[in-house]
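Reproduced below: final-v3.csv, with CSV, C-alpha atoms and all ligand atoms.
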```
chain,number,residue,atom,x,y,z
A,125,MET,CA,-6.5,4.2,19.4
A,126,GLU,CA,-4.3,5.4,22.3
A,127,LEU,CA,-1.1,4.6,20.5
A,128,LEU,CA,-2.0,6.9,17.6
A,129,ASP,CA,-3.1,9.6,20.0
A,130,ASN,CA,0.3,9.5,21.5
A,131,VAL,CA,1.9,9.5,18.0
A,132,LYS,CA,-0.2,12.6,17.3
A,133,SER,CA,1.2,14.3,20.3
A,134,GLY,CA,4.7,13.6,19.1
A,135,ASP,CA,5.7,10.9,21.6
A,136,THR,CA,8.9,9.5,20.2
A,137,ARG,CA,8.4,6.0,21.6
A,138,ALA,CA,4.9,5.8,20.4
A,139,ILE,CA,6.0,6.8,16.9
A,140,ALA,CA,8.7,4.1,16.9
A,141,ARG,CA,6.2,1.5,18.1
A,142,ALA,CA,3.5,2.6,15.6
A,143,LEU,CA,6.0,2.4,12.8
A,144,THR,CA,7.1,-1.1,13.8
A,145,LEU,CA,3.5,-2.3,14.1
A,146,ALA,CA,2.5,-0.7,10.7
A,147,GLU,CA,5.5,-2.2,9.0
A,148,SER,CA,4.7,-5.7,10.3
A,149,GLY,CA,1.2,-5.3,9.1
A,150,GLU,CA,-0.5,-5.4,12.5
A,151,PRO,CA,-4.2,-5.2,11.6
A,152,ASP,CA,-5.4,-3.0,14.5
A,153,THR,CA,-2.8,-0.4,13.9
A,154,LEU,CA,-3.4,-0.3,10.1
A,155,ALA,CA,-7.2,-0.1,10.7
A,156,ALA,CA,-6.7,2.7,13.2
A,157,LEU,CA,-4.5,4.5,10.6
A,158,ASP,CA,-7.1,3.9,7.9
A,159,SER,CA,-9.8,5.4,10.1
A,160,LEU,CA,-7.8,8.6,10.3
A,161,TYR,CA,-7.0,8.7,6.5
A,162,GLY,CA,-9.2,11.6,5.4
A,163,GLY,CA,-7.9,13.9,8.2
A,164,LEU,CA,-4.2,13.0,7.9
A,165,PRO,CA,-1.9,15.9,7.3
A,166,ARG,CA,-0.2,15.9,3.9
A,167,PRO,CA,3.4,16.9,4.5
A,168,GLN,CA,5.7,17.7,1.7
A,169,ARG,CA,7.2,14.4,0.4
A,170,ILE,CA,10.7,14.6,-0.9
A,171,GLY,CA,12.3,11.5,-2.5
A,172,VAL,CA,16.1,11.2,-2.5
A,173,THR,CA,17.3,8.5,-4.8
A,174,GLY,CA,20.5,7.5,-6.7
A,175,PRO,CA,23.1,4.8,-7.0
A,176,PRO,CA,24.5,3.1,-3.8
A,177,GLY,CA,27.0,5.3,-2.0
A,178,ALA,CA,26.3,8.4,-3.9
A,179,GLY,CA,25.9,10.3,-0.6
A,180,LYS,CA,22.1,10.3,-0.3
A,181,SER,CA,22.2,9.9,3.5
A,182,THR,CA,24.9,12.5,3.8
A,183,LEU,CA,22.8,14.9,1.7
A,184,THR,CA,19.6,14.1,3.6
A,185,SER,CA,21.3,14.8,6.8
A,186,ALA,CA,22.6,18.1,5.6
A,187,LEU,CA,19.1,19.0,4.2
A,188,ILE,CA,17.6,18.1,7.6
A,189,SER,CA,19.7,20.9,9.1
A,190,GLU,CA,18.4,23.4,6.6
A,191,TYR,CA,14.8,22.4,7.3
A,192,ARG,CA,15.4,22.4,11.1
A,193,ALA,CA,16.7,26.0,10.8
A,194,THR,CA,13.3,27.0,9.5
A,195,GLY,CA,11.7,25.3,12.5
A,196,ALA,CA,10.2,22.4,10.5
A,197,LYS,CA,10.1,18.9,12.0
A,198,VAL,CA,11.6,16.4,9.6
A,199,GLY,CA,10.7,12.8,9.2
A,200,VAL,CA,12.9,10.4,7.2
A,201,VAL,CA,12.2,6.9,5.8
A,202,ALA,CA,15.4,5.4,4.6
A,203,ILE,CA,14.9,2.2,2.6
A,204,ASP,CA,17.7,-0.2,3.1
A,205,PRO,CA,18.2,-2.0,-0.2
A,206,THR,CA,19.8,-5.2,1.2
A,207,SER,CA,20.9,-5.6,-2.4
A,208,PRO,CA,24.2,-7.1,-3.6
A,209,PHE,CA,25.3,-3.6,-4.6
A,210,SER,CA,25.3,-2.1,-1.2
A,211,GLY,CA,25.9,-3.5,2.2
A,212,GLY,CA,25.3,-2.0,5.6
A,213,ALA,CA,23.1,0.8,4.4
A,214,LEU,CA,21.1,0.6,7.6
A,215,LEU,CA,24.2,1.3,9.7
A,216,GLY,CA,25.3,3.9,7.1
A,217,ASP,CA,22.0,5.8,7.5
A,218,ARG,CA,22.3,5.8,11.3
A,219,LEU,CA,25.9,7.0,11.1
A,220,ARG,CA,25.2,9.6,8.5
A,221,MET,CA,22.2,11.0,10.2
A,222,SER,CA,23.4,10.6,13.8
A,223,ALA,CA,24.0,14.3,14.1
A,224,HIS,CA,20.2,14.5,14.6
A,225,ALA,CA,19.9,11.6,16.9
A,226,MET,CA,19.2,13.7,20.0
A,227,ASP,CA,16.8,16.1,18.2
A,228,ALA,CA,13.1,15.4,18.9
A,229,GLY,CA,12.3,17.4,15.8
A,230,VAL,CA,13.8,14.7,13.6
A,231,PHE,CA,12.8,11.1,13.2
A,232,VAL,CA,14.7,8.7,11.0
A,233,ARG,CA,13.4,5.3,10.3
A,234,SER,CA,15.2,2.6,8.2
A,235,MET,CA,13.2,0.0,6.6
A,236,ALA,CA,14.4,-3.2,5.0
A,237,THR,CA,13.3,-4.0,1.5
A,238,ARG,CA,12.0,-7.5,1.6
A,239,GLY,CA,10.2,-9.3,-1.2
A,240,GLN,CA,8.3,-7.6,-3.8
A,241,PHE,CA,8.2,-3.9,-4.5
A,242,GLY,CA,4.4,-3.8,-3.9
A,243,GLY,CA,4.9,-4.7,-0.3
A,244,LEU,CA,7.7,-2.1,0.1
A,245,ALA,CA,5.8,0.7,-1.4
A,246,ALA,CA,2.8,-0.1,0.8
A,247,SER,CA,5.0,-0.2,3.9
A,248,THR,CA,6.7,3.1,2.9
A,249,GLU,CA,3.3,4.8,2.5
A,250,ASP,CA,2.2,3.5,5.9
A,251,ALA,CA,5.4,4.8,7.5
A,252,CYS,CA,5.0,8.1,5.9
A,253,ASP,CA,1.4,8.3,7.2
A,254,VAL,CA,2.6,7.7,10.8
A,255,LEU,CA,5.2,10.4,10.4
A,256,ALA,CA,2.6,12.7,8.9
A,257,LEU,CA,0.3,12.1,11.9
A,258,ALA,CA,3.2,12.9,14.2
A,259,GLY,CA,3.5,16.3,12.5
A,260,PHE,CA,6.7,15.8,10.5
A,261,ASP,CA,6.8,18.0,7.5
A,262,PRO,CA,8.7,17.5,5.2
A,263,VAL,CA,9.0,13.7,5.1
A,264,ILE,CA,12.1,12.6,3.1
A,265,VAL,CA,12.2,9.1,1.6
A,266,GLU,CA,15.7,7.9,0.7
A,267,THR,CA,15.9,5.0,-1.7
A,268,VAL,CA,18.7,3.4,-3.6
A,269,GLY,CA,18.1,3.4,-7.3
A,270,VAL,CA,19.8,0.4,-8.9
A,271,GLY,CA,17.4,-0.7,-11.6
A,272,GLN,CA,13.8,0.2,-12.4
A,273,SER,CA,12.9,0.4,-8.8
A,274,GLU,CA,13.8,4.1,-8.6
A,275,VAL,CA,11.3,4.9,-11.3
A,276,ASP,CA,8.5,3.3,-9.2
A,277,ILE,CA,9.8,4.7,-6.0
A,278,ALA,CA,9.7,8.2,-7.5
A,279,LYS,CA,6.0,7.9,-7.3
A,280,LEU,CA,6.3,8.1,-3.5
A,281,ALA,CA,7.4,11.7,-3.6
A,282,ASP,CA,6.1,15.1,-4.7
A,283,THR,CA,9.7,16.1,-5.5
A,284,THR,CA,12.3,13.6,-6.5
A,285,VAL,CA,16.0,14.5,-6.0
A,286,VAL,CA,18.3,12.3,-8.0
A,287,VAL,CA,21.8,12.1,-6.6
A,288,LEU,CA,24.7,11.2,-9.0
A,289,THR,CA,28.4,11.4,-8.6
A,290,PRO,CA,31.3,12.0,-11.0
A,291,SER,CA,32.7,8.4,-10.5
A,292,ALA,CA,32.1,7.2,-14.0
A,293,GLY,CA,30.4,3.8,-13.5
A,294,ASP,CA,27.3,4.5,-11.6
A,295,SER,CA,26.4,7.7,-13.3
A,296,VAL,CA,26.4,6.2,-16.7
A,297,GLN,CA,24.3,3.3,-15.4
A,298,ALA,CA,21.9,5.7,-13.8
A,299,LEU,CA,21.5,7.8,-16.9
A,300,LYS,CA,20.8,4.6,-18.8
A,301,ALA,CA,18.3,3.3,-16.3
A,302,GLY,CA,15.9,6.2,-17.1
A,303,ILE,CA,16.5,7.8,-13.8
A,304,MET,CA,16.4,11.2,-15.5
A,305,GLU,CA,12.8,10.8,-16.3
A,306,VAL,CA,11.8,10.9,-12.7
A,307,ALA,CA,14.2,13.7,-11.6
A,308,ASP,CA,12.8,17.0,-10.5
A,309,VAL,CA,16.1,18.1,-9.1
A,310,VAL,CA,19.5,16.6,-10.1
A,311,VAL,CA,22.3,16.7,-7.6
A,312,ILE,CA,25.9,16.1,-8.6
A,313,ASN,CA,27.3,15.2,-5.2
A,314,LYS,CA,31.0,14.6,-4.5
A,315,SER,CA,31.8,17.4,-6.9
A,316,ASP,CA,35.0,17.7,-5.0
A,317,GLN,CA,36.0,14.7,-7.2
A,318,ALA,CA,37.2,15.0,-10.8
A,319,GLY,CA,34.6,14.7,-13.6
A,320,ALA,CA,31.7,16.9,-12.3
A,321,GLU,CA,32.0,19.0,-15.5
A,322,ARG,CA,31.7,16.0,-17.8
A,323,LEU,CA,28.8,14.5,-15.8
A,324,GLU,CA,26.9,17.8,-16.0
A,325,GLU,CA,27.2,17.7,-19.7
A,326,ASP,CA,25.9,14.1,-19.8
A,327,ILE,CA,23.0,15.0,-17.5
A,328,LYS,CA,22.0,18.0,-19.7
A,329,GLU,CA,21.9,15.7,-22.7
A,330,ALA,CA,19.9,13.0,-20.8
A,331,LEU,CA,17.5,15.7,-19.6
A,332,GLU,CA,16.8,16.8,-23.2
A,333,LEU,CA,15.5,13.3,-23.9
A,334,ARG,CA,12.8,13.6,-21.3
A,335,PRO,CA,9.3,13.2,-22.7
A,336,MET,CA,7.2,16.3,-23.1
A,337,PRO,CA,4.6,16.9,-20.3
A,338,PRO,CA,1.0,16.1,-21.3
A,339,ALA,CA,-0.7,18.8,-23.3
A,340,GLY,CA,-1.5,21.9,-21.3
A,341,GLN,CA,0.9,21.0,-18.5
A,342,PRO,CA,3.8,23.3,-17.9
A,343,MET,CA,7.4,22.1,-18.6
A,344,TRP,CA,9.6,21.7,-15.5
A,345,GLN,CA,13.3,22.0,-16.3
A,346,PRO,CA,15.1,20.1,-13.5
A,347,PRO,CA,17.9,22.2,-12.0
A,348,ILE,CA,21.3,20.7,-11.7
A,349,VAL,CA,23.0,21.4,-8.4
A,350,ARG,CA,26.6,20.6,-7.4
A,351,THR,CA,27.2,19.6,-3.9
A,352,VAL,CA,29.8,18.3,-1.6
A,353,ALA,CA,27.4,16.9,1.0
A,354,SER,CA,30.1,15.8,3.4
A,355,GLU,CA,31.3,19.4,3.7
A,356,GLY,CA,27.9,21.0,3.6
A,357,LYS,CA,28.6,22.7,0.2
A,358,GLY,CA,25.8,23.4,-2.2
A,359,ILE,CA,23.2,22.3,0.3
A,360,ARG,CA,21.4,25.6,0.4
A,361,GLN,CA,21.1,25.5,-3.4
A,362,CYS,CA,19.7,22.0,-3.2
A,363,PHE,CA,17.2,23.2,-0.6
A,364,ASP,CA,16.2,26.1,-2.8
A,365,ALA,CA,15.8,23.9,-5.8
A,366,ILE,CA,13.4,21.6,-3.9
A,367,ALA,CA,11.4,24.7,-2.7
A,368,HIS,CA,11.4,26.0,-6.3
A,369,HIS,CA,9.9,22.8,-7.6
A,370,ARG,CA,7.3,22.9,-4.8
A,371,THR,CA,6.3,26.4,-5.8
A,372,HIS,CA,6.1,25.2,-9.4
A,373,LEU,CA,3.7,22.4,-8.4
A,374,ARG,CA,1.6,24.9,-6.3
A,375,GLN,CA,1.5,27.6,-8.9
A,376,HIS,CA,0.2,25.2,-11.6
A,377,ALA,CA,-2.2,23.5,-9.2
A,378,LEU,CA,-0.4,20.2,-9.7
A,379,LEU,CA,0.0,19.2,-6.1
A,380,ALA,CA,-3.5,17.8,-5.7
A,381,GLY,CA,-2.9,15.7,-8.8
A,382,VAL,CA,0.4,14.4,-7.6
A,383,HIS,CA,-1.3,13.4,-4.3
A,384,ALA,CA,-4.3,11.8,-6.0
A,385,ARG,CA,-2.1,9.8,-8.4
A,386,ARG,CA,0.0,8.5,-5.6
A,387,GLN,CA,-3.1,7.4,-3.6
A,388,GLY,CA,-4.4,5.8,-6.7
A,389,GLU,CA,-1.2,3.8,-7.3
A,390,ARG,CA,-1.3,2.9,-3.6
A,391,PHE,CA,-4.8,1.5,-4.1
A,392,ASP,CA,-3.7,-0.4,-7.2
A,393,ASP,CA,-0.8,-1.9,-5.3
A,394,LEU,CA,-3.0,-2.9,-2.4
A,395,VAL,CA,-5.6,-4.6,-4.6
A,396,MET,CA,-2.8,-6.7,-6.1
A,397,GLN,CA,-1.4,-7.4,-2.7
A,398,LEU,CA,-4.8,-8.5,-1.3
A,399,LEU,CA,-5.5,-10.7,-4.3
A,400,ARG,CA,-2.2,-12.5,-3.9
A,401,GLU,CA,-2.9,-12.9,-0.2
A,402,LEU,CA,-6.4,-14.3,-0.9
A,403,MET,CA,-4.8,-16.9,-3.1
A,404,ARG,CA,-2.3,-17.8,-0.4
A,405,VAL,CA,-4.4,-18.3,2.7
A,406,GLU,CA,-6.6,-21.3,3.3
A,407,GLY,CA,-10.2,-20.6,2.2
A,408,VAL,CA,-12.7,-20.7,-0.6
A,409,PRO,CA,-10.6,-18.7,-3.2
A,410,LYS,CA,-7.5,-20.8,-2.7
A,411,ARG,CA,-9.5,-24.1,-2.9
A,412,ALA,CA,-11.3,-22.9,-6.0
A,413,ALA,CA,-7.9,-22.0,-7.5
A,414,GLN,CA,-6.6,-25.4,-6.8
A,415,THR,CA,-9.6,-27.0,-8.5
A,416,PHE,CA,-9.0,-25.0,-11.6
A,417,LYS,CA,-5.3,-25.6,-11.5
A,418,GLN,CA,-6.1,-29.3,-11.4
A,419,ARG,CA,-8.2,-29.0,-14.5
A,420,VAL,CA,-5.4,-27.1,-16.3
A,421,SER,CA,-2.9,-29.9,-15.5
A,422,GLU,CA,-5.4,-32.5,-16.8
A,423,GLY,CA,-5.5,-30.5,-20.1
A,424,GLU,CA,-9.2,-29.8,-19.6
A,425,LEU,CA,-8.9,-26.0,-19.6
A,426,SER,CA,-6.2,-23.6,-20.9
A,427,PRO,CA,-4.5,-21.6,-18.2
A,428,ARG,CA,-6.1,-18.4,-19.5
A,429,GLU,CA,-9.5,-19.9,-19.6
A,430,ALA,CA,-9.1,-21.4,-16.1
A,431,ALA,CA,-8.0,-18.0,-14.7
A,432,ARG,CA,-11.0,-16.3,-16.3
A,433,GLN,CA,-13.4,-18.9,-14.9
A,434,LEU,CA,-11.8,-18.7,-11.5
A,435,LEU,CA,-12.4,-15.0,-11.3
A,436,ALA,CA,-16.0,-15.5,-12.6
A,437,ALA,CA,-16.5,-18.2,-9.9
A,438,LEU,CA,-15.3,-15.7,-7.3
A,439,LYS,CA,-17.6,-13.1,-8.7
A,440,ILE,CA,-14.7,-10.7,-9.5
A,441,GLY,CA,-14.3,-11.4,-13.2
B,1,LIG,N1,34.3,13.0,-1.3
B,1,LIG,C1,33.0,13.0,-0.9
B,1,LIG,N2,32.5,12.0,-0.2
B,1,LIG,C2,31.2,12.1,0.2
B,1,LIG,C3,30.4,13.2,-0.2
B,1,LIG,N3,29.2,13.0,0.3
B,1,LIG,C4,29.2,11.8,0.9
B,1,LIG,N4,30.5,11.3,0.9
B,1,LIG,C5,30.9,10.0,1.4
B,1,LIG,O1,30.4,8.9,0.6
B,1,LIG,C6,30.1,7.8,1.4
B,1,LIG,C7,28.7,7.3,1.2
B,1,LIG,O2,27.8,8.3,1.7
B,1,LIG,P1,26.3,7.9,2.1
B,1,LIG,O3,25.7,9.2,2.5
B,1,LIG,O4,26.2,6.8,3.1
B,1,LIG,O5,25.8,7.4,0.7
B,1,LIG,P2,24.3,6.8,0.4
B,1,LIG,O6,24.0,7.2,-1.0
B,1,LIG,O7,23.3,7.1,1.4
B,1,LIG,O8,24.7,5.2,0.5
B,1,LIG,P3,23.7,4.0,0.5
B,1,LIG,O9,22.5,4.4,1.3
B,1,LIG,O10,24.5,2.9,1.1
B,1,LIG,O11,23.4,3.7,-1.0
B,1,LIG,C8,30.4,8.2,2.9
B,1,LIG,O12,31.7,7.7,3.2
B,1,LIG,C9,30.4,9.7,2.8
B,1,LIG,O13,31.1,10.3,3.8
B,1,LIG,C10,31.0,14.2,-1.0
B,1,LIG,O14,30.3,15.2,-1.4
B,1,LIG,N5,32.3,14.1,-1.3
B,2,MG,MG,22.1,5.9,2.6
```
Let me see the structure of the file written as structure tokens.
Ligand SMILES: Nc1nc2c(ncn2[C@@H]2O[C@H](COP(=O)(O)OP(=O)(O)OP(=O)(O)O)[C@@H](O)[C@H]2O)c(=O)[nH]1
Ligand SMILES: [Mg+2]
Amino acid sequence: MELLDNVKSGDTRAIARALTLAESGEPDTLAALDSLYGGLPRPQRIGVTGPPGAGKSTLTSALISEYRATGAKVGVVAIDPTSPFSGGALLGDRLRMSAHAMDAGVFVRSMATRGQFGGLAASTEDACDVLALAGFDPVIVETVGVGQSEVDIAKLADTTVVVLTPSAGDSVQALKAGIMEVADVVVINKSDQAGAERLEEDIKEALELRPMPPAGQPMWQPPIVRTVASEGKGIRQCFDAIAHHRTHLRQHALLAGVHARRQGERFDDLVMQLLRELMRVEGVPKRAAQTFKQRVSEGELSPREAARQLLAALKIG
């Protein structure tokens, strides 16, 4: 496909176009991407997550500068939560990362979260594939963690950076939401504000409650890094902590497993997505479903029995 050839050569407009087409689920683009799957580069995937307004975009922007200084091309997928907790993140991302707007070695893409998580994860993966094809490495995925979503979204990354701030409310909420379980690096941003000390104690406590790794797997102790992202303070330490985690994954031959698990989850999500779609569009499966539903409503079959029989009728049960 010509478009993807142009993406591969780093053509910015082609990248933007391919991302739009992939995000909208355009079949030819997705098929072309799929045909390249085995040969796609596997850039380092860094997740940056945390409560709304914690400074994730500011931190990401500062990290971009560090990676650029090493000559790396950096891709960013920023997921706009459109949640009641945070407004205008899309604009925020653009503003926060605008320092890199004229740099062809940086590509920032904001995506809206619409509908179910399954759809979002799939779109994010596709976007990351486009950026991988274009040669960006690392690819940073910024997501707002406001519930359980950050736990799922952590699966999108090799290394997950959890960003918290001393402002009491959100940190406590984040610690409760189990965000510590997915953290590979913990950042206390806005440590120019009061309460960083106290937060660090709370984080240490929460980290102690992390489950042990499976037998035979080495323990990773997430480093806690204090930053003032808006002033560029602590960024180098954050960069080093991410690199350190990468080395840990490499040394213990865990990277391939992380990647394989991610692709497995992606497969699972897509199966569910395709099944849902199958039931939605006009055709044999949907008609069969309606027939069974009718029998349920007439009291002839229990919902469970009907669901089983439907799958059997479709030869997938
Ligand atoms: N005082 C202080 N303010 C900061 C720091 N880092 C970021 N900010 C400010 O915090 C606000 C939010 O920063 P963002 O980077 O947009 O935060 P975010 O987590 O990406 O926000 P969402 O994507 O909307 O959830 C901005 O006004 C930043 O300038 C910091 O270290 N100290
Ligand atoms: Mg942001």
Residues near Ala330 (chain A), cut-off 9 Å, only C-alpha atoms, skip fewer than 6 positions along chain, as a PDB file with C-alpha atoms, in the coordinates of the input:
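Resulting contents of around_23.pdb:
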```pdb
ATOM      1  CA  LEU A 299      21.500   7.800 -16.900  1.00  0.00           C
ATOM      2  CA  LYS A 300      20.800   4.600 -18.800  1.00  0.00           C
ATOM      3  CA  GLY A 302      15.900   6.200 -17.100  1.00  0.00           C
ATOM      4  CA  MET A 304      16.400  11.200 -15.500  1.00  0.00           C
ATOM      5  CA  GLU A 305      12.800  10.800 -16.300  1.00  0.00           C
TER       6      GLU A 305
END
```
Note to self: Residues near Ala186 (chain A), anyone? I mean within 7 Å using all atoms listed in the file, not counting same-chain ones fewer than 6 positions away, as a list in words.
What the structure shows: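 That gives Ala353, Gly356 and Ile359 of chain A.
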Check: CA of His372 (chain A) and CA of Arg385 (chain A) are how many Å apart?
Finding: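 So the answer is 17.5 Å.
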So that each row is one residue of chain A with an atom at most 6 Å from ligand LIG 1 (chain B), can you give its shortest atom pair and the distance in Å to one decimal, using all atoms listed in the file, rows by chain and rising number, as a Markdown table?
```
| residue | atom | partner | partner_atom | distance |
| --- | --- | --- | --- | --- |
| A:Pro176 | CA | B:LIG1 | O11 | 3.1 |
| A:Gly177 | CA | B:LIG1 | O8 | 3.4 |
| A:Ala178 | CA | B:LIG1 | O6 | 3.9 |
| A:Gly179 | CA | B:LIG1 | O5 | 3.2 |
| A:Lys180 | CA | B:LIG1 | O6 | 3.7 |
| A:Ser181 | CA | B:LIG1 | O7 | 3.7 |
| A:Thr182 | CA | B:LIG1 | O3 | 3.6 |
| A:Ser210 | CA | B:LIG1 | O10 | 5.6 |
| A:Ala213 | CA | B:LIG1 | O10 | 4.2 |
| A:Gly216 | CA | B:LIG1 | O4 | 5.0 |
| A:Val268 | CA | B:LIG1 | O11 | 5.4 |
| A:Asn313 | CA | B:LIG1 | O14 | 4.8 |
| A:Lys314 | CA | B:LIG1 | O14 | 3.2 |
| A:Asp316 | CA | B:LIG1 | N5 | 5.8 |
| A:Thr351 | CA | B:LIG1 | O14 | 5.9 |
| A:Val352 | CA | B:LIG1 | O14 | 3.1 |
| A:Ala353 | CA | B:LIG1 | O14 | 4.1 |
| A:Ser354 | CA | B:LIG1 | N3 | 4.3 |
```
Notebook entry, point to check: So which one's closest to ligand MG 2 (chain B), A:Ser222, A:Gln433, A:Gln387, A:Thr267? Using all atoms listed in the file, please.
Noted result: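 Looking at the shortest contact to ligand MG 2 (chain B), the residue is A:Thr267.
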Note to self: Counting all atoms listed in the file, which residue out of A:Leu288, A:Leu280, A:Ala142, A:Leu379 sits closest to Leu323 (chain A)?
What the structure shows: A:Leu288
Next item on the list: Have a look at A:Ala228, A:Leu154, A:Cys362, A:Ile440 and name the one nearest to Val254 (chain A); count all atoms listed in the file.
Entry: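 Among the listed residues, the smallest separation from Val254 (chain A) belongs to A:Leu154.
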Item checked: Atom-to-atom span, CA of Phe363 (chain A) and CA of Ala223 (chain A), Å -> 18.5 Å
Item checked: Atomic distance CA of Val306 (chain A) - CA of Pro335 (chain A), expressed in Å with one decimal -> 10.6 Å
Notebook entry, point to check: In file coordinates, which residues lie within 10 Å of (5.6, 26.1, -16.8) using only C-alpha atoms, given as number ranges by chain?
Noted result: A: 337, 340-345, 372-373, 375-376
Check: With all atoms listed in the file as the basis for distance, which of A:Ala307, A:Ala380, A:Ala156, A:Ala320 is at the shortest distance from Pro346 (chain A)?
Finding: A:Ala307
